[in-house]
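Content type mmCIF, C-alpha atoms, from the file run-v3.cif:
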data_data
loop_
_atom_site.label_atom_id
_atom_site.label_comp_id
_atom_site.auth_asym_id
_atom_site.auth_seq_id
_atom_site.Cartn_x
_atom_site.Cartn_y
_atom_site.Cartn_z
CA MET S 1 -137.02 81.62 82.39
CA ASN S 2 -138.93 84.85 82.00
CA LYS S 3 -140.92 84.81 78.81
CA LEU S 4 -140.61 87.68 76.39
CA ASP S 5 -143.64 89.68 75.42
CA THR S 6 -144.26 87.29 72.57
CA PRO S 7 -144.66 88.99 69.22
CA ARG S 8 -147.27 87.78 66.83
CA PRO S 9 -146.53 84.84 64.50
CA GLY S 10 -144.12 85.70 61.70
CA ALA S 11 -142.10 88.22 63.75
CA PHE S 12 -138.58 87.73 65.06
CA CYS S 13 -138.73 86.95 68.78
CA TRP S 14 -135.45 85.49 70.10
CA LEU S 15 -131.72 85.13 69.44
CA ASP S 16 -129.30 82.36 70.42
CA LEU S 17 -125.53 82.76 70.38
CA ALA S 18 -123.58 79.52 70.03
CA ALA S 19 -120.11 80.57 71.22
CA ARG S 20 -116.68 79.06 70.91
CA ASP S 21 -115.84 80.68 74.27
CA VAL S 22 -118.77 81.67 76.49
CA THR S 23 -116.58 83.66 78.89
CA VAL S 24 -115.18 85.83 76.11
CA ALA S 25 -118.67 86.33 74.65
CA GLN S 26 -120.15 87.34 78.01
CA ARG S 27 -117.40 89.85 78.66
CA PHE S 28 -117.76 91.34 75.17
CA TYR S 29 -121.54 91.79 75.35
CA ALA S 30 -121.49 93.01 78.95
CA GLU S 31 -118.90 95.68 78.14
CA THR S 32 -120.33 96.61 74.73
CA PHE S 33 -124.07 96.71 75.51
CA GLY S 34 -124.34 96.44 79.29
CA TRP S 35 -125.93 93.00 79.13
CA GLY S 36 -126.40 90.91 82.25
CA PHE S 37 -126.47 87.13 82.33
CA VAL S 38 -128.45 84.50 84.20
CA GLU S 39 -127.12 80.93 84.25
CA GLU S 40 -129.70 78.19 83.87
CA GLN S 41 -130.09 74.45 83.39
CA ALA S 42 -132.19 73.35 80.42
CA ASN S 43 -132.75 69.96 78.80
CA GLY S 44 -130.01 68.37 80.89
CA GLY S 45 -127.49 71.00 79.79
CA HIS S 46 -126.57 74.56 80.51
CA LEU S 47 -127.40 77.90 78.92
CA THR S 48 -127.12 81.55 79.82
CA ARG S 49 -129.97 84.00 79.36
CA CYS S 50 -128.86 87.41 78.09
CA ARG S 51 -130.69 90.33 79.69
CA VAL S 52 -131.06 94.07 79.15
CA GLY S 53 -132.86 96.13 81.78
CA GLY S 54 -134.35 93.01 83.34
CA GLN S 55 -135.73 91.77 80.00
CA ASP S 56 -134.53 88.57 78.32
CA VAL S 57 -133.21 89.26 74.82
CA GLY S 58 -131.70 85.90 73.96
CA SER S 59 -129.47 83.14 75.18
CA LEU S 60 -125.87 82.09 74.98
CA TYR S 61 -124.41 78.59 75.07
CA GLN S 62 -121.09 76.86 74.54
CA LEU S 63 -120.49 74.99 71.29
CA ASN S 64 -119.82 71.33 72.06
CA ARG S 65 -116.48 69.60 71.61
CA ALA S 66 -117.38 68.04 68.24
CA GLN S 67 -118.45 71.44 66.88
CA LEU S 68 -115.26 73.08 68.16
CA GLU S 69 -113.11 70.34 66.62
CA ALA S 70 -114.98 70.72 63.32
CA GLY S 71 -114.16 74.45 63.30
CA VAL S 72 -117.74 75.67 63.70
CA PRO S 73 -117.48 79.42 64.34
CA SER S 74 -119.45 81.32 66.96
CA HIS S 75 -122.77 82.25 65.38
CA TRP S 76 -126.16 83.79 66.08
CA THR S 77 -129.46 82.06 65.31
CA PRO S 78 -132.53 84.29 65.01
CA TYR S 79 -135.95 82.78 65.81
CA VAL S 80 -139.31 83.59 64.26
CA ARG S 81 -142.47 83.17 66.35
CA VAL S 82 -144.77 80.45 64.96
CA GLU S 83 -148.07 78.95 66.09
CA LEU S 84 -147.00 75.31 65.56
CA ALA S 85 -143.35 74.39 65.04
CA GLU S 86 -144.07 71.02 63.37
CA ALA S 87 -146.56 72.45 60.88
CA THR S 88 -144.30 75.39 60.04
CA ALA S 89 -141.29 73.08 59.56
CA ARG S 90 -143.31 70.86 57.19
CA ARG S 91 -144.49 73.93 55.26
CA ALA S 92 -140.90 75.23 54.98
CA VAL S 93 -139.71 71.87 53.62
CA SER S 94 -142.58 71.76 51.09
CA LEU S 95 -141.47 75.20 49.86
CA GLY S 96 -137.84 74.19 49.23
CA GLY S 97 -136.39 74.54 52.72
CA ARG S 98 -134.70 71.83 54.77
CA LEU S 99 -135.29 70.65 58.33
CA VAL S 100 -131.95 70.89 60.17
CA VAL S 101 -133.13 70.19 63.75
CA ALA S 102 -136.56 68.66 64.33
CA PRO S 103 -138.90 70.43 66.77
CA PHE S 104 -138.20 69.80 70.46
CA ASP S 105 -139.19 71.38 73.78
CA VAL S 106 -136.82 73.56 75.78
CA ASP S 107 -137.90 72.78 79.37
CA GLY S 108 -141.31 74.46 79.49
CA PHE S 109 -140.19 77.59 77.67
CA ALA S 110 -140.66 77.01 73.95
CA ARG S 111 -140.81 74.36 71.27
CA ILE S 112 -138.06 75.16 68.79
CA ALA S 113 -136.71 73.85 65.49
CA LEU S 114 -134.02 74.88 63.03
CA ILE S 115 -134.63 75.13 59.30
CA GLN S 116 -132.59 76.16 56.31
CA ASP S 117 -134.64 78.38 54.03
CA ALA S 118 -134.86 77.94 50.25
CA ALA S 119 -132.01 80.46 49.82
CA GLY S 120 -129.71 78.55 52.22
CA ALA S 121 -129.97 80.69 55.38
CA LEU S 122 -130.51 79.09 58.82
CA LEU S 123 -133.49 80.20 60.86
CA GLY S 124 -135.04 79.07 64.12
CA LEU S 125 -138.74 78.45 64.68
CA TRP S 126 -140.13 79.44 68.10
CA GLU S 127 -143.46 78.14 69.41
CA PRO S 128 -144.05 79.45 72.94
CA LEU S 129 -145.26 76.83 75.39
CA PRO S 130 -148.16 77.60 77.71
#
Any chance you could give the structure as structure tokens?
Amino acid sequence: MNKLDTPRPGAFCWLDLAARDVTVAQRFYAETFGWGFVEEQANGGHLTRCRVGGQDVGSLYQLNRAQLEAGVPSHWTPYVRVELAEATARRAVSLGGRLVVAPFDVDGFARIALIQDAAGALLGLWEPLP
């Protein structure tokens, strides 16, 4: 994966789209915004990088069968750049948030986690890997 020019900690830096139908989503974003897509293997699965003018702007992946059967809608997850995902997740929990997905590495690209903030909104944490 090409790494984004990483913004400083605390700034939004990435978007993921979990889609009910990846093909429909790709067609929509290609025709609406001129996005291109690069297929890639990551963590034993598959994802698609979304690109504008040769620059990665996010990724797109298929919701799994259990999520589809549970009626989970397609949704975006924004990520905020952090220095240390574990420490930021602990701090968020201590301030009334909730850890939804514990920090894990995405194949040499970033260490990510998912939290729910104190107001109930979901937010990703993004720690770039060297």
One decimal place gives the atom CA of S:His75-atom CA of S:Ala25 separation as 10.9 Å
Run through the PyMOL selection byres ((chain S and resi 106-122) around 8) on the given coordinates and return the selected residues as a list in words.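 Evaluating the PyMOL selection byres ((chain S and resi 106-122) around 8) on this file yields Met1, Lys3, Ala42, Asn43, Thr77, Ala85, Ala89, Ala92, Leu95, Gly96, Gly97, Arg98, Leu99, Val100, Val101, Ala102, Pro103, Phe104, Asp105, Leu123, Gly124, Leu125, Trp126, Glu127, Pro128, Leu129 and Pro130 of chain S.
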Selection result of the PyMOL selection byres ((chain S and resi 51) around 10) on this file, as a ChimeraX atom specification: /S:30,34-38,48-50,52-59
Could you please give me, as a VMD selection string, the residues of protein, DNA or RNA lying at most 8 Å from (-125.1, 80.1, 75.5) in the coordinate frame of the file, considering all atoms listed in the file? chain S and resid 16 to 19 22 46 to 49 59 to 62
Could you work out how far atom CA of S:Gly71 lies from atom CA of S:Glu39, giving the answer in Å with one decimal? 25.5 Å
Taking only C-alpha atoms into account, which of S:Ser94, S:Ser74, S:Arg65, S:Phe33 comes nearest S:Asp21?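 Using only C-alpha atoms, S:Asp21 sits closest to S:Ser74.
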Atom CA of S:Glu40 to atom CA of S:Arg27, distance in Å rounded to a single decimal: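 Atom-to-atom, atom CA of S:Glu40 and atom CA of S:Arg27 are spaced 17.7 Å apart.
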